[in-house]
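Data block below; observations after.
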Amino acid sequence: MLICIDIGNTNITIGGFEGDNLKFTARLATDSKRTADQYAIEIRDVLHIYEVGRDEVTDAAICSVVPAVGSAVKRAIAKLFSIQPMMLGPGIKTGLNIKIDNPAQLGADLAAGAVGSLAKYSTPTVIIDLGTATTISVLGQNGEFLGGAIAAGVKLTLEALATKTAQLPSVSIEAPKSIIGTNTADCMKSGIVVGAAAMIDGMVDKIEKELGLKATVVATGGLASEVIKFSSHEIITDDNLLLDGLRIIYNKNKA
């Protein structure tokens, strides 16, 4: 079994693949204070829940935007399975034709998402990752990585409202009862959730105008399903996009 681990600023997503088939997914909280031993215990427990024996795991691949956590998880994998995982980064072949100013600056998560998207969807493509930050990646008609945009994520926006204002509370990130809120909590939910969807709609419109082409739009990330339902565009929600991309990249580099 190949274990793919996507480490974001808020969550760690773990996927277990047998060949091309995703057998399970699990989420852990990202915490830079945890040691390799603590992550090893958590990963071991995840495998136990899904009835996967440690001896079944033969390969591992890690994509991380939090270097300290990536290093700890890498050591945890080595302790658990006596293997050295592939870390997505410089020197790893992705097969991407990267057109940004400095290709070395392309984040590992964006690379994995782009590779996963190229394998599954038609181009040109707009990939929206709704995580701690909302990132937008654009793939051209020939699959080249053209660039994108970065905005504050839904959770960051909520945290800013709750901590930087005197009277606004922290609320759950969920769909409001109506767009026009009638109390403070619903007004915030509308602004945060529906506002994020409206931003995505506007960005997709402008990206398609700049490309001069209609694009396939794919959304991923923990908050995608909550936000995308308010979009006026046809958007594919793919929770496992980065895991699929990481699997494909691992297979490209396995030899």
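Letters for chains follow the order of the structure tokens (A, B, ...), residue numbers begin at 1 for each chain, and ligand numbers begin at 1 in the order shown.
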Within 12 Å of Lys189 of chain A using only C-alpha atoms, minus same-chain residues under 2 positions, as a count of residues only: 34
Residues within 7 Å of Thr220 of chain A, only C-alpha atoms, excluding chain neighbours under 4 positions, as a PyMOL selection string: chain A and resi 128-130+224+237-239+241
Point-to-point distance in Å for atom CA of Val66 of chain A and atom CA of Gly140 of chain A: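 Between atom CA of Gly140 of chain A and atom CA of Val66 of chain A the gap works out to 28.1 Å.
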Length of the atom CA of Leu156 of chain A to atom CA of Lys74 of chain A vector [Å]: 27.5 Å
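Pairwise distance (atom CA of Ala26 of chain A, atom CA of Asp55 of chain A) equals 19.0 Å.
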Residue contacts of Gly91 of chain A (12 Å, only C-alpha atoms) excluding same-chain residues fewer than 5 positions away, as a list in words: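 Returned residues: Met86, Pro103, Ala104, Ala108, Ile249 and Asn253 of chain A.
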Those of segment 70-161 of chain A in DSSP alpha helix (DSSP H), formatted as a short mmCIF file (atom, residue, chain, number, x, y, z; two decimals) with N, CA, C and O atoms, in the first residue's frame:
```cif
data_model
loop_
_atom_site.label_atom_id
_atom_site.label_comp_id
_atom_site.auth_asym_id
_atom_site.auth_seq_id
_atom_site.Cartn_x
_atom_site.Cartn_y
_atom_site.Cartn_z
N GLY A 70 6.30 18.66 8.11
CA GLY A 70 6.73 17.72 7.09
C GLY A 70 7.91 16.89 7.54
O GLY A 70 7.95 15.67 7.33
N SER A 71 8.86 17.54 8.18
CA SER A 71 10.04 16.84 8.68
C SER A 71 9.67 15.84 9.78
O SER A 71 10.17 14.71 9.80
N ALA A 72 8.77 16.24 10.68
CA ALA A 72 8.35 15.34 11.76
C ALA A 72 7.59 14.14 11.22
O ALA A 72 7.80 13.01 11.67
N VAL A 73 6.71 14.37 10.25
CA VAL A 73 5.94 13.26 9.68
C VAL A 73 6.86 12.32 8.90
O VAL A 73 6.68 11.10 8.93
N LYS A 74 7.85 12.88 8.21
CA LYS A 74 8.81 12.04 7.49
C LYS A 74 9.53 11.10 8.45
O LYS A 74 9.68 9.90 8.18
N ARG A 75 9.95 11.62 9.61
CA ARG A 75 10.61 10.76 10.60
C ARG A 75 9.64 9.74 11.19
O ARG A 75 10.02 8.60 11.47
N ALA A 76 8.37 10.17 11.35
CA ALA A 76 7.36 9.24 11.87
C ALA A 76 7.16 8.07 10.92
O ALA A 76 7.06 6.91 11.35
N ILE A 77 7.10 8.36 9.62
CA ILE A 77 6.93 7.31 8.62
C ILE A 77 8.11 6.35 8.65
O ILE A 77 7.95 5.12 8.58
N ALA A 78 9.32 6.90 8.77
CA ALA A 78 10.52 6.07 8.81
C ALA A 78 10.49 5.14 10.02
O ALA A 78 10.88 3.96 9.93
N LYS A 79 10.02 5.64 11.16
CA LYS A 79 9.95 4.82 12.37
C LYS A 79 8.89 3.73 12.26
O LYS A 79 9.10 2.59 12.68
N LEU A 80 7.76 4.07 11.69
CA LEU A 80 6.65 3.13 11.62
C LEU A 80 6.89 2.00 10.62
O LEU A 80 6.59 0.84 10.89
N PHE A 81 7.42 2.36 9.46
CA PHE A 81 7.44 1.41 8.35
C PHE A 81 8.84 1.07 7.84
O PHE A 81 8.98 0.27 6.92
N ALA A 108 4.32 22.98 -3.16
CA ALA A 108 4.15 21.55 -3.35
C ALA A 108 2.67 21.19 -3.50
O ALA A 108 2.30 20.32 -4.30
N ASP A 109 1.82 21.86 -2.73
CA ASP A 109 0.38 21.56 -2.81
C ASP A 109 -0.20 21.95 -4.16
O ASP A 109 -1.04 21.24 -4.72
N LEU A 110 0.26 23.08 -4.71
CA LEU A 110 -0.23 23.51 -6.01
C LEU A 110 0.23 22.57 -7.11
O LEU A 110 -0.51 22.27 -8.05
N ALA A 111 1.48 22.09 -6.99
CA ALA A 111 2.00 21.14 -7.97
C ALA A 111 1.20 19.84 -7.94
O ALA A 111 0.81 19.31 -8.98
N ALA A 112 0.93 19.33 -6.74
CA ALA A 112 0.17 18.08 -6.61
C ALA A 112 -1.25 18.25 -7.17
O ALA A 112 -1.77 17.38 -7.87
N GLY A 113 -1.88 19.37 -6.86
CA GLY A 113 -3.23 19.62 -7.37
C GLY A 113 -3.25 19.72 -8.89
O GLY A 113 -4.17 19.21 -9.54
N ALA A 114 -2.25 20.36 -9.46
CA ALA A 114 -2.18 20.50 -10.91
C ALA A 114 -1.99 19.15 -11.59
O ALA A 114 -2.64 18.85 -12.60
N VAL A 115 -1.10 18.33 -11.05
CA VAL A 115 -0.87 17.00 -11.62
C VAL A 115 -2.13 16.15 -11.53
O VAL A 115 -2.51 15.46 -12.49
N GLY A 116 -2.80 16.19 -10.39
CA GLY A 116 -4.04 15.45 -10.24
C GLY A 116 -5.10 15.92 -11.21
O GLY A 116 -5.82 15.11 -11.82
N SER A 117 -5.20 17.22 -11.41
CA SER A 117 -6.19 17.78 -12.31
C SER A 117 -5.92 17.39 -13.76
O SER A 117 -6.85 17.03 -14.51
N LEU A 118 -4.66 17.44 -14.18
CA LEU A 118 -4.32 17.08 -15.56
C LEU A 118 -4.68 15.63 -15.87
O LEU A 118 -5.03 15.30 -17.01
N ALA A 119 -4.59 14.77 -14.85
CA ALA A 119 -4.90 13.36 -15.06
C ALA A 119 -6.40 13.10 -15.13
O ALA A 119 -6.83 12.07 -15.67
N LYS A 120 -7.22 14.04 -14.62
CA LYS A 120 -8.65 13.74 -14.45
C LYS A 120 -9.58 14.65 -15.26
O LYS A 120 -10.71 14.26 -15.55
N VAL A 154 -11.28 31.18 4.07
CA VAL A 154 -12.51 31.41 4.82
C VAL A 154 -12.24 31.45 6.32
O VAL A 154 -12.73 32.33 7.03
N LYS A 155 -11.42 30.52 6.81
CA LYS A 155 -11.13 30.49 8.25
C LYS A 155 -10.33 31.71 8.68
O LYS A 155 -10.56 32.26 9.76
N LEU A 156 -9.37 32.12 7.85
CA LEU A 156 -8.60 33.32 8.18
C LEU A 156 -9.50 34.55 8.26
O LEU A 156 -9.34 35.41 9.14
N THR A 157 -10.44 34.64 7.33
CA THR A 157 -11.37 35.77 7.32
C THR A 157 -12.21 35.77 8.59
O THR A 157 -12.41 36.82 9.23
N LEU A 158 -12.71 34.61 8.98
CA LEU A 158 -13.50 34.52 10.21
C LEU A 158 -12.67 34.89 11.43
O LEU A 158 -13.14 35.64 12.31
N GLU A 159 -11.45 34.38 11.51
CA GLU A 159 -10.58 34.70 12.64
C GLU A 159 -10.30 36.19 12.72
O GLU A 159 -10.28 36.78 13.81
N ALA A 160 -10.11 36.84 11.57
CA ALA A 160 -9.85 38.28 11.56
C ALA A 160 -11.07 39.04 12.06
O ALA A 160 -10.94 39.99 12.86
N LEU A 161 -12.26 38.64 11.65
CA LEU A 161 -13.47 39.32 12.10
C LEU A 161 -13.67 39.14 13.61
O LEU A 161 -14.04 40.08 14.32
#
```
Residue list (strand (DSSP E or B), DSSP) for segment 182-246 of chain A, as a ChimeraX atom specification: /A:216-220,236-237
Restricting the output to all heavy atoms, write the selected residues as an mmCIF file, in the first residue's frame.
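The result, written out as again38.cif:
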```
data_model
loop_
_atom_site.group_PDB
_atom_site.id
_atom_site.type_symbol
_atom_site.label_atom_id
_atom_site.label_comp_id
_atom_site.auth_asym_id
_atom_site.auth_seq_id
_atom_site.Cartn_x
_atom_site.Cartn_y
_atom_site.Cartn_z
ATOM 1 N N THR A 216 -12.507 24.401 -17.406
ATOM 2 C CA THR A 216 -13.028 23.449 -16.433
ATOM 3 C C THR A 216 -12.636 23.977 -15.062
ATOM 4 O O THR A 216 -11.476 24.309 -14.827
ATOM 5 C CB THR A 216 -12.414 22.056 -16.639
ATOM 6 O OG1 THR A 216 -12.677 21.624 -17.967
ATOM 7 C CG2 THR A 216 -12.983 21.059 -15.648
ATOM 8 N N VAL A 217 -13.576 24.065 -14.143
ATOM 9 C CA VAL A 217 -13.300 24.611 -12.811
ATOM 10 C C VAL A 217 -13.438 23.484 -11.785
ATOM 11 O O VAL A 217 -14.468 22.811 -11.725
ATOM 12 C CB VAL A 217 -14.252 25.775 -12.460
ATOM 13 C CG1 VAL A 217 -13.835 26.410 -11.133
ATOM 14 C CG2 VAL A 217 -14.248 26.823 -13.573
ATOM 15 N N VAL A 218 -12.383 23.284 -11.000
ATOM 16 C CA VAL A 218 -12.334 22.213 -10.009
ATOM 17 C C VAL A 218 -12.036 22.832 -8.644
ATOM 18 O O VAL A 218 -11.127 23.656 -8.519
ATOM 19 C CB VAL A 218 -11.240 21.183 -10.353
ATOM 20 C CG1 VAL A 218 -11.254 20.031 -9.358
ATOM 21 C CG2 VAL A 218 -11.412 20.663 -11.781
ATOM 22 N N ALA A 219 -12.773 22.436 -7.631
ATOM 23 C CA ALA A 219 -12.553 22.935 -6.268
ATOM 24 C C ALA A 219 -12.176 21.779 -5.353
ATOM 25 O O ALA A 219 -12.720 20.682 -5.450
ATOM 26 C CB ALA A 219 -13.797 23.632 -5.735
ATOM 27 N N THR A 220 -11.235 22.030 -4.465
ATOM 28 C CA THR A 220 -10.827 21.037 -3.490
ATOM 29 C C THR A 220 -10.581 21.737 -2.162
ATOM 30 O O THR A 220 -10.694 22.950 -2.046
ATOM 31 C CB THR A 220 -9.565 20.278 -3.979
ATOM 32 O OG1 THR A 220 -9.305 19.167 -3.134
ATOM 33 C CG2 THR A 220 -8.341 21.191 -3.997
ATOM 34 N N ILE A 236 -16.647 21.492 -10.291
ATOM 35 C CA ILE A 236 -16.487 20.107 -9.836
ATOM 36 C C ILE A 236 -15.810 20.126 -8.471
ATOM 37 O O ILE A 236 -14.769 20.761 -8.297
ATOM 38 C CB ILE A 236 -15.626 19.305 -10.830
ATOM 39 C CG1 ILE A 236 -16.259 19.299 -12.219
ATOM 40 C CG2 ILE A 236 -15.403 17.876 -10.328
ATOM 41 C CD1 ILE A 236 -15.309 18.864 -13.320
ATOM 42 N N THR A 237 -16.385 19.449 -7.499
ATOM 43 C CA THR A 237 -15.764 19.324 -6.182
ATOM 44 C C THR A 237 -15.019 17.992 -6.111
ATOM 45 O O THR A 237 -15.599 16.936 -6.348
ATOM 46 C CB THR A 237 -16.818 19.390 -5.064
ATOM 47 O OG1 THR A 237 -17.518 20.636 -5.154
ATOM 48 C CG2 THR A 237 -16.152 19.310 -3.693
#
```
Of the listed residues A:Val57, A:Leu211, A:Ile200, A:Ile41, that which approaches Gly16 of chain A most closely, counting only C-alpha atoms: A:Val57
